[in-house]
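All remarks here apply to the structure that follows.
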There are 2 protein chains.
Amino acid sequence: MRERVLIEGAYVLCDGGMIEAVGSMAELPALDGDIEEFDGRGLCAIPGLVDCHTHPAFGGDRVEEFSRRAAGASYEELHAAGLGILSTVGATRAAGEAGIAEAVLRHRDWMLRAGTTTFEGKSGYGLDRETELASLRAIAAAGGIPTFLGAHATPPKFADADAYLDFILADVLPDAAQLAEAADVFLERGAFDATQARRYLEACRSHGLELRLHGDQFTEAGAIPLAIELGARSVDHLEATGPEGVAALAESDVTGVLLPASALFLARPMPPARALADAGAAIAIATDFNPGSAFCESLPLVCSLAATQLKLSPAEALAACTVNAAHVLGRGDTLGRLAPGYVADVTLLDAPDWRYLAYHLGGDIVAAVVKDGNVAFSRSAY
Amino acid sequence: MRERVLIEGAYVLCDGGMIEAVGSMAELPALDGDIEEFDGRGLCAIPGLVDCHTHPAFGGDRVEEFSRRAAGASYEELHAAGLGILSTVGATRAAGEAGIAEAVLRHRDWMLRAGTTTFEGKSGYGLDRETELASLRAIAAAGGIPTFLGAHATPPKFADADAYLDFILADVLPDAAQLAEAADVFLERGAFDATQARRYLEACRSHGLELRLHGDQFTEAGAIPLAIELGARSVDHLEATGPEGVAALAESDVTGVLLPASALFLARPMPPARALADAGAAIAIATDFNPGSAFCESLPLVCSLAATQLKLSPAEALAACTVNAAHVLGRGDTLGRLAPGYVADVTLLDAPDWRYLAYHLGGDIVAAVVKDGNVAFSRSAY
């Protein structure tokens with residue numbers, strides 16, 4: 001994660017949405033044909049950021065819950081007031097397909113403005129057939145990579161989590177598997193236990209989906225061993241992971257996805273990032289963008305949190321939200337690097353040093369974003 | 001701090017840079033003359049934010065130090081590498097008067113873009129006559145409120161802190177007092193002790209300056225009792241303040257200025273904000289913008305940290321960086337409120353609810369800023 005090459009006065013030559021060459025302007029070859037130039041002098045080019053864990057398909061917000069929690073309300077008080085995840089499920093169902101599509105596009109644009117050129121997006125605020133499928137369609141339509149989080153929570157109309165899984169696996173999974181690339185489960189006390197998570201993930205795998213898990217957010221409940229056994233791409237959160245989990249993950253091919261904005265938002269402990277990195281685990285960082293526990297689409301802020309709270313160097317943080325995040329999404333060969341043969345996704349920072357990505361806490365640092373070889377955002381043309 | 005009035009579909013009528021009236025559009029009186037309208041439909045208007053603690057007058061940056069610290073370097077290693085505050089002193093002196101002026105303007109524009117219409121700015125990276133005075137002039141020229149932080153650190157050429165104070169009080173204070181409104185001192189182990197702080201502050205007071213203190217950042221070294229005894233406007237930081245300090249501050253007229261971005265940046269404990277507020281202390285929040293320990297100009301991010309880390313409600317956070325911060329700067333009667341007779345400083349948020357100021361962590365939330373009745377920043381005309 002510490003490898004990188006820094007080129008002063010660089011060019012990135014793109015063709016048909018792909019990077020053809022990268023080098024120093026002094027060595028730029030003579031070019032024929034119709035060349036369109038974007039002048040990035042004074043800016044730093046980094047790979048377009050890759051957000052490998054977001055929940056962008058929701059209606060409404062949770063600002064009332066956030067405000068009450070800040071003022072000291074307990075979980076029980078919030079629940080009694082009808083707040084929490086099920087309030088978002090209600091608002092998402094009420095938004096309908098058009099409302100969900102509009103929300104995902106708005107959130108996609110927020111991410112783009114923060115330098116993110118590729119995002120994974122999870123369903124999971126529908127928990128019914130219609131809204132889960134609408135969420136996956138909306139994410140794909142916005143250019144995101146859809147993940148089927150059918151096992152996010154159990155809606156009240158079901159007797160228990162097993163009864164809900166009966167429904168979601170029989171009535172939703174077959175169609176969801178046509179829309180999504182991966183499946184995800186919230187393995188946590190009060191959500192789904194390891195047995196239920198295994199049942200859900202094995203069914204999803206049999207439908208051709210890659211596997212991911214929310215694990216060890218509040219308690220260690222077997223997510224890491226299950227992720228390793230099933231060959232999941234990632235296990236995400238890990239705030240509660242202890243030394244055994246760190247060691248197991250380090251010996252595996254499963255990537256640990258760390259979500260420090262979520263830990264900050266909930267004032268929870270940070271995941272053991274330094275221990276994971278030092279043990280040799282593959283780690284990625286992501287926003288966890290969602291209305292309840294991380295209303296944050298900014299990977300630059302996550303990089304600042306990685307450097308200050310997770311004790312990752314800026315270089316490690318950058319790798320964790322570019323090439324490593326691309327690997328989690330099965331796109332390590334095409335996304336996350338500025339190199340020939342990679343997609344021409346470039347984020348341009350308004351800073352004298354690329355490490356301002358982490359250093360400039362909360363700064364307005366993204367000057368422009370190139371996606372698929374085209375300028376998708378430019379601050380000067382805001 | 002919880003009092004506020006929310007008006008849906010509101011107008012703010014300004015005249016000559018002052019607010020003349022505030023109310024509902026439905027009750028807007030007929031207006032004569034040459035009216036210029038700024039359409040804020042869909043946005044939330046809050047008072048222009050007031051940052052009462054910043055260090056904007058510096059050259060260079062500390063990104064190398066930040067990166068090494070993130071990767072695990074110790075204080076001793078950083079010091080041995082020539083990093084730390086004295087590296088900024090060197091870079092600030094090298095920048096010269098023009099370079100300092102340019103830096104302060106750049107930082108002022110960053111703050112404005114983040115919704116800050118009034119900022120206090122401290123000297124303290126010169127520590128010589130020429131650079132301290134140049135810093136104060138640069139802050140005033142950029143529209144800031146200058147504070148003379150002559151006692152920030154002791155430059156190596158002096159035998160000790162007392163010898164440095166001999167110099168700064170005799171050779172710099174008389175002219176600095178013509179430029180600054182207040183004086184500030186870094187009362188901390190390794191910087192200035194309570195006896196030295198008292199000497200500095202009493203001398204500054206005799207030159208007509210208001211008093212402020214950096215206190216209890218790492219250790220309790222007598223800052224709160226001294227602040228109360230001397231009638232200081234504020235004591236700032238308070239990360240290390242214990243119950244006695246909380247009680248003493250609550251019984252006094254001194255405002256506690258909390259700087260959660262600094263605590264985050266250094267991965268230090270947060271100040272006891274909830275205890276202070278519950279005990280009845282006056283509290284403000286500020287960025288502490290500086291290159292070493294809080295490279296963050298964003299009061300919206302500080303509001304998010306206030307809600308998530310300090311357990312202040314969004315309403316308390318908003319009061320803490322508007323009317324309370326204005327009070328610290330001696331401008332509680334003219335700044336920090338949207339009310340007749342106040343300066344027409346208005347920050348417009350791109351959000352469906354003003355509490356997104358704290359809720360939308362790291363979001364690009366400031367759509368426009370009106371200062372002295374004029375549009376000073378508008379995202380649509382970036």
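The way I read the labels, and the way they are meant: chains A, B, ... in the order of the structure tokens, residue 1 as the first residue of every chain, and ligand 1 as the first ligand shown, with later ones counted on from there.
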
Practice item. Dump as a PyMOL selection string the residues of chain A that approach chain B to within 8 Å, counting only C-alpha atoms. Key: chain A and resi 63+66-68+70-72+110+264-267+294-298+301+307-309+311-314+355-356+359-364+379-382

Point to revise | Nearby residues (only C-alpha atoms) at most 10 Å from region 52-55 of chain A, same-chain spacing under 5 positions excluded, as a ChimeraX atom specification | key: /A:104,107,118-125,135,139,144-147,149,214,234,236-237,257-259,284-291,294-297,320-322,324-329

Review point. For the atom pair CA of Ala138 (chain B) and CA of Ile100 (chain B), what is the interatomic distance in Å to one decimal place?
Key: 6.7 Å

Exercise for review: Considering only C-alpha atoms, return as a list of chain:residue names whatever protein or nucleic-acid residues lie within 10 Å of Gly231 (chain B), sequence-local ones (same chain, fewer than 2 positions apart) excluded.
Suggested key: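 Close residues of Gly231 (chain B): B:Glu210, B:Leu211, B:Arg212, B:Pro225, B:Leu226, B:Ala227, B:Ile228, B:Glu229, B:Arg233, B:Ser234, B:Ser252, B:Asp253, B:Val254.
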
Output the selection as a PDB file, in the first residue's frame - N, CA, C and O atoms for each residue.
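Final output, saved to part.pdb:
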ATOM      1  N   GLU B 210      -7.866  43.306  25.087  1.00  0.00           N
ATOM      2  CA  GLU B 210      -8.670  42.259  25.723  1.00  0.00           C
ATOM      3  C   GLU B 210      -7.813  41.004  25.840  1.00  0.00           C
ATOM      4  O   GLU B 210      -6.818  40.854  25.122  1.00  0.00           O
ATOM      5  N   LEU B 211      -8.226  40.096  26.727  1.00  0.00           N
ATOM      6  CA  LEU B 211      -7.364  38.941  27.006  1.00  0.00           C
ATOM      7  C   LEU B 211      -8.034  37.615  26.656  1.00  0.00           C
ATOM      8  O   LEU B 211      -9.231  37.430  26.883  1.00  0.00           O
ATOM      9  N   ARG B 212      -7.229  36.705  26.125  1.00  0.00           N
ATOM     10  CA  ARG B 212      -7.657  35.331  25.861  1.00  0.00           C
ATOM     11  C   ARG B 212      -6.502  34.390  26.201  1.00  0.00           C
ATOM     12  O   ARG B 212      -5.348  34.818  26.241  1.00  0.00           O
ATOM     13  N   PRO B 225      -8.275  29.446  36.311  1.00  0.00           N
ATOM     14  CA  PRO B 225      -8.241  30.448  37.387  1.00  0.00           C
ATOM     15  C   PRO B 225      -7.642  31.780  36.933  1.00  0.00           C
ATOM     16  O   PRO B 225      -8.144  32.848  37.308  1.00  0.00           O
ATOM     17  N   LEU B 226      -6.592  31.719  36.134  1.00  0.00           N
ATOM     18  CA  LEU B 226      -5.958  32.957  35.667  1.00  0.00           C
ATOM     19  C   LEU B 226      -6.905  33.740  34.759  1.00  0.00           C
ATOM     20  O   LEU B 226      -7.014  34.972  34.869  1.00  0.00           O
ATOM     21  N   ALA B 227      -7.585  33.020  33.875  1.00  0.00           N
ATOM     22  CA  ALA B 227      -8.531  33.685  32.967  1.00  0.00           C
ATOM     23  C   ALA B 227      -9.622  34.394  33.760  1.00  0.00           C
ATOM     24  O   ALA B 227      -9.999  35.533  33.451  1.00  0.00           O
ATOM     25  N   ILE B 228     -10.114  33.724  34.780  1.00  0.00           N
ATOM     26  CA  ILE B 228     -11.195  34.313  35.587  1.00  0.00           C
ATOM     27  C   ILE B 228     -10.675  35.515  36.363  1.00  0.00           C
ATOM     28  O   ILE B 228     -11.304  36.582  36.386  1.00  0.00           O
ATOM     29  N   GLU B 229      -9.506  35.361  36.963  1.00  0.00           N
ATOM     30  CA  GLU B 229      -8.947  36.443  37.773  1.00  0.00           C
ATOM     31  C   GLU B 229      -8.696  37.698  36.933  1.00  0.00           C
ATOM     32  O   GLU B 229      -8.961  38.818  37.366  1.00  0.00           O
ATOM     33  N   ARG B 233     -11.667  37.295  28.129  1.00  0.00           N
ATOM     34  CA  ARG B 233     -12.887  36.991  27.359  1.00  0.00           C
ATOM     35  C   ARG B 233     -13.103  35.502  27.223  1.00  0.00           C
ATOM     36  O   ARG B 233     -14.241  35.044  27.179  1.00  0.00           O
ATOM     37  N   SER B 234     -12.025  34.754  27.097  1.00  0.00           N
ATOM     38  CA  SER B 234     -12.186  33.318  26.854  1.00  0.00           C
ATOM     39  C   SER B 234     -10.963  32.562  27.298  1.00  0.00           C
ATOM     40  O   SER B 234      -9.861  33.119  27.415  1.00  0.00           O
ATOM     41  N   SER B 252     -18.241  31.682  36.138  1.00  0.00           N
ATOM     42  CA  SER B 252     -17.563  32.908  35.710  1.00  0.00           C
ATOM     43  C   SER B 252     -18.225  33.494  34.472  1.00  0.00           C
ATOM     44  O   SER B 252     -19.145  32.907  33.901  1.00  0.00           O
ATOM     45  N   ASP B 253     -17.701  34.656  34.055  1.00  0.00           N
ATOM     46  CA  ASP B 253     -18.156  35.273  32.804  1.00  0.00           C
ATOM     47  C   ASP B 253     -17.231  34.947  31.639  1.00  0.00           C
ATOM     48  O   ASP B 253     -17.384  35.497  30.547  1.00  0.00           O
ATOM     49  N   VAL B 254     -16.269  34.081  31.868  1.00  0.00           N
ATOM     50  CA  VAL B 254     -15.323  33.707  30.809  1.00  0.00           C
ATOM     51  C   VAL B 254     -15.957  32.631  29.930  1.00  0.00           C
ATOM     52  O   VAL B 254     -16.519  31.660  30.439  1.00  0.00           O
TER      53      VAL B 254
END

**Study point:** Atom pair CA of Asp350 (chain B) / CA of Val370 (chain B): separation (Å)
**Key:**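 Separating CA of Asp350 (chain B) from CA of Val370 (chain B) is a distance of 14.2 Å.
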
Check your understanding: A:Val185, A:Ala191, A:Leu49, A:Leu209: which is nearest Val235 (chain A), counting only C-alpha atoms?
Key ->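 Among the listed residues, the smallest separation from Val235 (chain A) belongs to A:Val185.
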
Practice item. Could you please write out, as an NGL selection string, every residue of region 66-293 of chain B that DSSP assigns to helix (DSSP H, G or I)? Key: :B and (66-70 or 75-80 or 85-113 or 129-141 or 161-179 or 194-206 or 223-230 or 243-250 or 260-265 or 273-279)

Could you list, as an mmCIF file with N, CA and C atoms, in the first residue's frame, every residue within 12 Å of Ser24 (chain B), counting only C-alpha atoms and ignoring same-chain residues fewer than 5 positions away?
data_model
loop_
_atom_site.group_PDB
_atom_site.id
_atom_site.type_symbol
_atom_site.label_atom_id
_atom_site.label_comp_id
_atom_site.auth_asym_id
_atom_site.auth_seq_id
_atom_site.Cartn_x
_atom_site.Cartn_y
_atom_site.Cartn_z
ATOM 1 N N VAL B 5 -35.768 30.880 16.564
ATOM 2 C CA VAL B 5 -37.040 30.998 15.866
ATOM 3 C C VAL B 5 -36.813 30.520 14.444
ATOM 4 N N LEU B 6 -37.705 29.649 13.987
ATOM 5 C CA LEU B 6 -37.593 29.126 12.627
ATOM 6 C C LEU B 6 -38.736 29.720 11.809
ATOM 7 N N ILE B 7 -38.402 30.379 10.708
ATOM 8 C CA ILE B 7 -39.431 30.963 9.842
ATOM 9 C C ILE B 7 -39.386 30.251 8.496
ATOM 10 N N GLU B 8 -40.496 29.659 8.106
ATOM 11 C CA GLU B 8 -40.574 29.026 6.783
ATOM 12 C C GLU B 8 -40.887 30.102 5.748
ATOM 13 N N GLY B 9 -40.225 30.042 4.602
ATOM 14 C CA GLY B 9 -40.487 31.026 3.556
ATOM 15 C C GLY B 9 -40.153 32.431 4.016
ATOM 16 N N ALA B 10 -38.924 32.586 4.472
ATOM 17 C CA ALA B 10 -38.547 33.841 5.143
ATOM 18 C C ALA B 10 -37.892 34.842 4.194
ATOM 19 N N TYR B 11 -37.903 36.096 4.591
ATOM 20 C CA TYR B 11 -37.064 37.119 3.943
ATOM 21 C C TYR B 11 -36.129 37.708 4.991
ATOM 22 N N VAL B 12 -35.004 38.212 4.509
ATOM 23 C CA VAL B 12 -34.092 39.021 5.327
ATOM 24 C C VAL B 12 -33.898 40.309 4.540
ATOM 25 N N LEU B 13 -34.421 41.401 5.055
ATOM 26 C CA LEU B 13 -34.345 42.694 4.365
ATOM 27 C C LEU B 13 -33.151 43.470 4.908
ATOM 28 N N PRO B 29 -43.475 43.700 3.613
ATOM 29 C CA PRO B 29 -44.124 44.971 3.289
ATOM 30 C C PRO B 29 -43.768 45.423 1.866
#

Check your understanding: So which residues touch Ala103 (chain B) within 8 Å, counting only C-alpha atoms, skipping near sequence neighbours fewer than 2 positions away, as a PyMOL selection string?
Key -> chain B and resi 56-59+99-101+105-107

Dump N, CA, C and O atoms for the selected residues as a compact mmCIF listing (two decimals), in the first residue's frame?
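In the end it all went to out.txt:
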# COMPACT_ATOMS: atom_id res chain seq x y z
N PRO B 56 -4.42 32.12 10.97
CA PRO B 56 -4.34 32.08 9.49
C PRO B 56 -3.06 32.67 8.90
O PRO B 56 -2.87 32.59 7.69
N ALA B 57 -2.20 33.25 9.75
CA ALA B 57 -1.03 33.98 9.23
C ALA B 57 0.21 33.10 9.30
O ALA B 57 0.97 33.17 10.26
N PHE B 58 0.37 32.26 8.28
CA PHE B 58 1.55 31.38 8.28
C PHE B 58 2.00 31.12 6.85
O PHE B 58 1.21 31.19 5.90
N GLY B 59 3.26 30.79 6.72
CA GLY B 59 3.79 30.33 5.44
C GLY B 59 3.95 28.82 5.47
O GLY B 59 3.96 28.20 6.54
N GLY B 99 3.90 37.78 1.30
CA GLY B 99 3.53 36.36 1.34
C GLY B 99 2.53 36.06 2.44
O GLY B 99 1.60 35.26 2.26
N ILE B 100 2.70 36.70 3.58
CA ILE B 100 1.76 36.51 4.69
C ILE B 100 0.39 37.07 4.31
O ILE B 100 -0.64 36.43 4.55
N ALA B 101 0.39 38.25 3.71
CA ALA B 101 -0.88 38.87 3.32
C ALA B 101 -1.63 37.97 2.34
O ALA B 101 -2.85 37.78 2.44
N LEU B 105 -5.29 36.06 2.96
CA LEU B 105 -6.43 36.23 2.03
C LEU B 105 -6.92 34.88 1.51
O LEU B 105 -8.13 34.65 1.40
N ARG B 106 -6.00 34.00 1.20
CA ARG B 106 -6.38 32.68 0.70
C ARG B 106 -7.17 31.93 1.77
O ARG B 106 -8.22 31.36 1.50
N HIS B 107 -6.67 32.00 2.99
CA HIS B 107 -7.36 31.29 4.08
C HIS B 107 -8.71 31.95 4.39
O HIS B 107 -9.69 31.27 4.70

Practice item. Give me, please, the distance in Å between CA of Gly242 (chain B) and CA of Ala317 (chain B), quoted to one decimal. Key: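 Computed distance, CA of Gly242 (chain B) to CA of Ala317 (chain B), equals 21.6 Å.
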
Practice item. Considering only C-alpha atoms, return as a ChimeraX atom specification whatever protein or nucleic-acid residues lie within 10 Å of Phe167 (chain B), sequence-local ones (same chain, fewer than 3 positions apart) excluded. Key: /B:127-129,158,161-164,170-173

Write the residues of the selection above to a file with N, CA, C and O atoms, as a short mmCIF file (atom, residue, chain, number, x, y, z; two decimals), in the first residue's frame.
data_model
loop_
_atom_site.label_atom_id
_atom_site.label_comp_id
_atom_site.auth_asym_id
_atom_site.auth_seq_id
_atom_site.Cartn_x
_atom_site.Cartn_y
_atom_site.Cartn_z
N LEU B 127 7.02 35.70 15.92
CA LEU B 127 7.84 35.70 17.14
C LEU B 127 9.04 36.61 17.00
O LEU B 127 10.01 36.51 17.76
N ASP B 128 8.98 37.48 15.99
CA ASP B 128 9.91 38.60 15.93
C ASP B 128 9.07 39.85 15.62
O ASP B 128 7.88 39.74 15.29
N ARG B 129 9.66 40.98 15.78
CA ARG B 129 8.90 42.22 15.64
C ARG B 129 8.26 42.36 14.24
O ARG B 129 7.06 42.57 14.10
N PHE B 158 16.54 32.79 22.06
CA PHE B 158 16.42 33.32 23.42
C PHE B 158 16.81 32.25 24.44
O PHE B 158 16.57 31.06 24.22
N ALA B 161 12.01 31.31 28.15
CA ALA B 161 10.76 32.00 27.88
C ALA B 161 10.73 33.39 28.51
O ALA B 161 10.16 34.33 27.94
N ASP B 162 11.34 33.54 29.68
CA ASP B 162 11.35 34.86 30.32
C ASP B 162 12.13 35.87 29.49
O ASP B 162 11.71 37.02 29.34
N ALA B 163 13.27 35.43 28.98
CA ALA B 163 14.07 36.34 28.15
C ALA B 163 13.30 36.73 26.89
O ALA B 163 13.35 37.90 26.44
N TYR B 164 12.58 35.77 26.32
CA TYR B 164 11.77 36.08 25.14
C TYR B 164 10.65 37.07 25.50
O TYR B 164 10.39 38.02 24.75
N ALA B 170 8.71 44.47 25.45
CA ALA B 170 9.35 45.78 25.30
C ALA B 170 9.36 46.24 23.85
O ALA B 170 9.06 47.41 23.56
N ASP B 171 9.66 45.33 22.93
CA ASP B 171 9.93 45.75 21.56
C ASP B 171 8.78 45.54 20.59
O ASP B 171 8.79 46.11 19.49
N VAL B 172 7.79 44.71 20.95
CA VAL B 172 6.73 44.40 19.98
C VAL B 172 5.36 44.84 20.49
O VAL B 172 4.57 45.42 19.74
N LEU B 173 5.07 44.59 21.75
CA LEU B 173 3.74 44.88 22.28
C LEU B 173 3.27 46.31 22.01
O LEU B 173 2.11 46.49 21.58
#
